[in-house]
Each structure stands twice: as structure tokens, then as C-alpha cells.
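*Asks:* First, the structure itself, so that you have it in front of you.
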Amino acid sequence: MAAQTPPVVDFRPVTEADFPLMTGWLAQPHVRTFYQKEPISLDEVAAKYGGRVRGEDPTRCHLALSAGRPFGYLQCYRNLDWPDWAEEIAVDGGLSIDLYIGDPAFVSRGYGRAMLAG
């Protein structure tokens with residue numbers, strides 16, 4: 001069996017104009033299972049992610065794109081910027097990355113792994 005070529009993934013910073021798209025993604029059953037347990041409204045997405053987009057929050061967030069089409073979300077942060085989190089996971093440094101594939105058409109096709117390799 002020949003090795004499959006990994007998907008090509010590009011990234012761009014999230015903007016406030018992306019909040020409606022993200023709200024839809026966060027309502028997807030496959031995202032709700034692991035990433036967004038409770039329903040979230042557009043206003044709540046704006047409140048939660050607005051500071052990140054404006055650079056007021058140390059978490060950096062990006063959309064993942066394939067051929068220009070947004071399909072996923074990725075955020076990264078220094079663990080020590082969130083002391084309670086660093087204590088919970090028992091680290092004194094390092095980075096964390098959270099991600100999800102929002103567009104169901106991209107699930108189980110290697111895009112998550114490609115996002116991490118990107």
C-alpha cells in the first residue's frame with residue numbers, strides 16, 4: 001500500500017469576522033463531544049475569543065485552511081501564562097496547543113495530524 005501524501009495546511013490568524021464560522025463549528029456534534037461541551041452563542045464566542053484576536057490575551061489563535069478553505073481552529077499558549085493550568089498539568093514551562101477540525105468534511109482525513117505538522 002502506497003503512503004498517502006499528507007494534506008497541505010495553511011494558517012492565518014483568527015479575526016472577529018470569523019466568529020460566526022467558529023460559532024457554527026462549535027455547535028457541530030463532533031466538536032461538542034471533545035472541545036465545546038455546552039452550547040455557545042455568537043455573543044459568547046465574541047466574548048471568549050475577542051481578547052485573543054485583539055492581542056489582549058496571551059493565547060494565539062489561528063484558522064487552518066486547505067486550498068484557502070477554513071476547516072479548523074488551533075490555539076497555542078505558554079503554560080506559565082495560565083498558572084492554574086500549569087499547576088493542573090504539573091509543568092513549570094512549555095507550550096500547549098489545542099485544536100479542532102470544525103468542518104465535518106475534513107474529519108478523519110489526516111488534517112488534524114497535518115495541522116500539528118504544519
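Going by the C-alpha cells order, chains are called A, B, ..., each with residues numbered from 1, while ligands are numbered from 1 in the order shown.
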Using the chain letters and numbers from this document, which residues of region 6-115 of chain A does DSSP assign to alpha helix (DSSP H), as a ChimeraX atom specification?
*Replies:* /A:19-26,29-34,42-53,83-88,111-115
*Asks:* So which residues touch Asp57 (chain A) within 12 Å, counting only C-alpha atoms, skipping near sequence neighbours fewer than 4 positions away, as a list of chain:residue names?
*Replies:* A:Ala47, A:Lys48, A:Tyr49, A:Gly50, A:Gly51, A:Arg52, A:Val53, A:Cys61, A:Gln75, A:Cys76, A:Tyr77, A:Arg78, A:Asp81, A:Trp82
*Asks:* Using DSSP assignments from the backbone, pull out every residue in chain A that falls under strand (DSSP E) and give it to me as a PyMOL selection string.
*Replies:* chain A and resi 10-13+60-66+69-78+95-101
*Asks:* Please produce a file of the residues just selected, as a compact mmCIF listing (two decimals), in the first residue's frame, where the atoms kept are C-alpha atoms.
*Replies:*
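Output (part_14.txt):
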# COMPACT_ATOMS: atom_id res chain seq x y z
CA ASP A 10 -2.01 26.82 5.78
CA PHE A 11 -2.82 29.05 8.74
CA ARG A 12 -3.99 32.58 9.29
CA PRO A 13 -4.85 34.48 12.47
CA ARG A 60 -2.74 32.97 19.98
CA CYS A 61 -5.42 31.54 17.71
CA HIS A 62 -5.43 30.64 14.03
CA LEU A 63 -7.69 29.09 11.46
CA ALA A 64 -6.38 26.14 9.48
CA LEU A 65 -7.06 26.27 5.75
CA SER A 66 -6.89 23.79 2.90
CA ARG A 69 -10.97 26.97 2.72
CA PRO A 70 -11.09 27.27 6.52
CA PHE A 71 -11.66 23.92 8.17
CA GLY A 72 -10.20 24.04 11.67
CA TYR A 73 -9.06 26.02 14.66
CA LEU A 74 -5.74 25.93 16.51
CA GLN A 75 -4.63 27.88 19.55
CA CYS A 76 -1.33 27.91 21.39
CA TYR A 77 -0.13 29.42 24.64
CA ARG A 78 2.69 29.32 27.14
CA LEU A 95 3.64 25.30 25.42
CA SER A 96 0.22 23.82 24.87
CA ILE A 97 -1.69 23.50 21.63
CA ASP A 98 -5.42 22.93 21.37
CA LEU A 99 -7.13 22.25 18.08
CA TYR A 100 -10.27 21.01 16.48
CA ILE A 101 -11.50 20.35 12.97
*Asks:* Would you mind listing what lies within 9 Å of Tyr111 (chain A) as a list of chain:residue names, with only C-alpha atoms counted and same-chain residues fewer than 3 positions away left out?
*Replies:* A:Pro6, A:Pro7, A:Val8, A:Val9, A:Ser66, A:Phe71, A:Gly72, A:Ile101, A:Phe106, A:Val107, A:Ser108, A:Ala114, A:Met115, A:Leu116
*Asks:* Would you save the residues from that selection as a compact mmCIF listing (two decimals), in the first residue's frame, using N, CA and C atoms?
*Replies:*
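File written: out23.txt
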# COMPACT_ATOMS: atom_id res chain seq x y z
N PRO A 6 0.35 13.66 2.82
CA PRO A 6 -0.42 14.39 3.82
C PRO A 6 -1.06 15.65 3.23
N PRO A 7 -2.20 16.04 3.76
CA PRO A 7 -2.85 17.25 3.26
C PRO A 7 -1.96 18.48 3.49
N VAL A 8 -2.08 19.45 2.62
CA VAL A 8 -1.38 20.72 2.78
C VAL A 8 -2.28 21.64 3.60
N VAL A 9 -1.73 22.20 4.66
CA VAL A 9 -2.49 23.07 5.55
C VAL A 9 -1.76 24.40 5.67
N SER A 66 -7.32 24.69 3.97
CA SER A 66 -6.89 23.79 2.90
C SER A 66 -7.37 24.41 1.59
N PHE A 71 -11.08 25.18 7.72
CA PHE A 71 -11.66 23.92 8.17
C PHE A 71 -11.43 23.63 9.64
N GLY A 72 -10.51 24.36 10.29
CA GLY A 72 -10.20 24.04 11.67
C GLY A 72 -9.64 25.21 12.44
N ILE A 101 -11.06 20.23 14.36
CA ILE A 101 -11.50 20.35 12.97
C ILE A 101 -12.97 20.67 13.02
N PHE A 106 -13.75 17.45 6.76
CA PHE A 106 -12.31 17.28 6.93
C PHE A 106 -11.97 16.31 8.06
N VAL A 107 -12.96 15.76 8.74
CA VAL A 107 -12.74 14.85 9.85
C VAL A 107 -12.28 13.48 9.33
N SER A 108 -11.34 12.88 10.05
CA SER A 108 -10.82 11.53 9.76
C SER A 108 -10.17 11.44 8.38
N ALA A 114 -1.93 16.87 10.11
CA ALA A 114 -1.29 17.88 9.24
C ALA A 114 -1.26 19.24 9.92
N MET A 115 -2.27 19.57 10.71
CA MET A 115 -2.27 20.83 11.45
C MET A 115 -1.10 20.88 12.42
N LEU A 116 -0.84 19.78 13.08
CA LEU A 116 0.27 19.75 14.04
C LEU A 116 1.63 19.76 13.35
*Asks:* Find the residues near Leu42 (chain A): any atom within 12 Å, counting only C-alpha atoms, skip ones fewer than 3 places away on the same chain, and give them as a list in words.
*Replies:* Glu16, Ala17, Asp18, Phe19, Pro20, Leu21, Met22, Thr23, Gly24, Trp25, Leu26, Ala27, Pro39, Val45, Ala46, Ala47, Lys48, Tyr49 and Gly50 of chain A
*Asks:* Please list as a ChimeraX atom specification every residue within 9 Å of Gln28 (chain A), counting only C-alpha atoms and excluding residues in the same chain fewer than 3 positions away.
*Replies:* /A:24-25,31-33,102-104
*Asks:* Can you work out the spacing between CA of Gln36 (chain A) and CA of Ala67 (chain A) in Å, to one decimal?
*Replies:*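 Atom-to-atom, CA of Gln36 (chain A) and CA of Ala67 (chain A) are spaced 26.3 Å apart.
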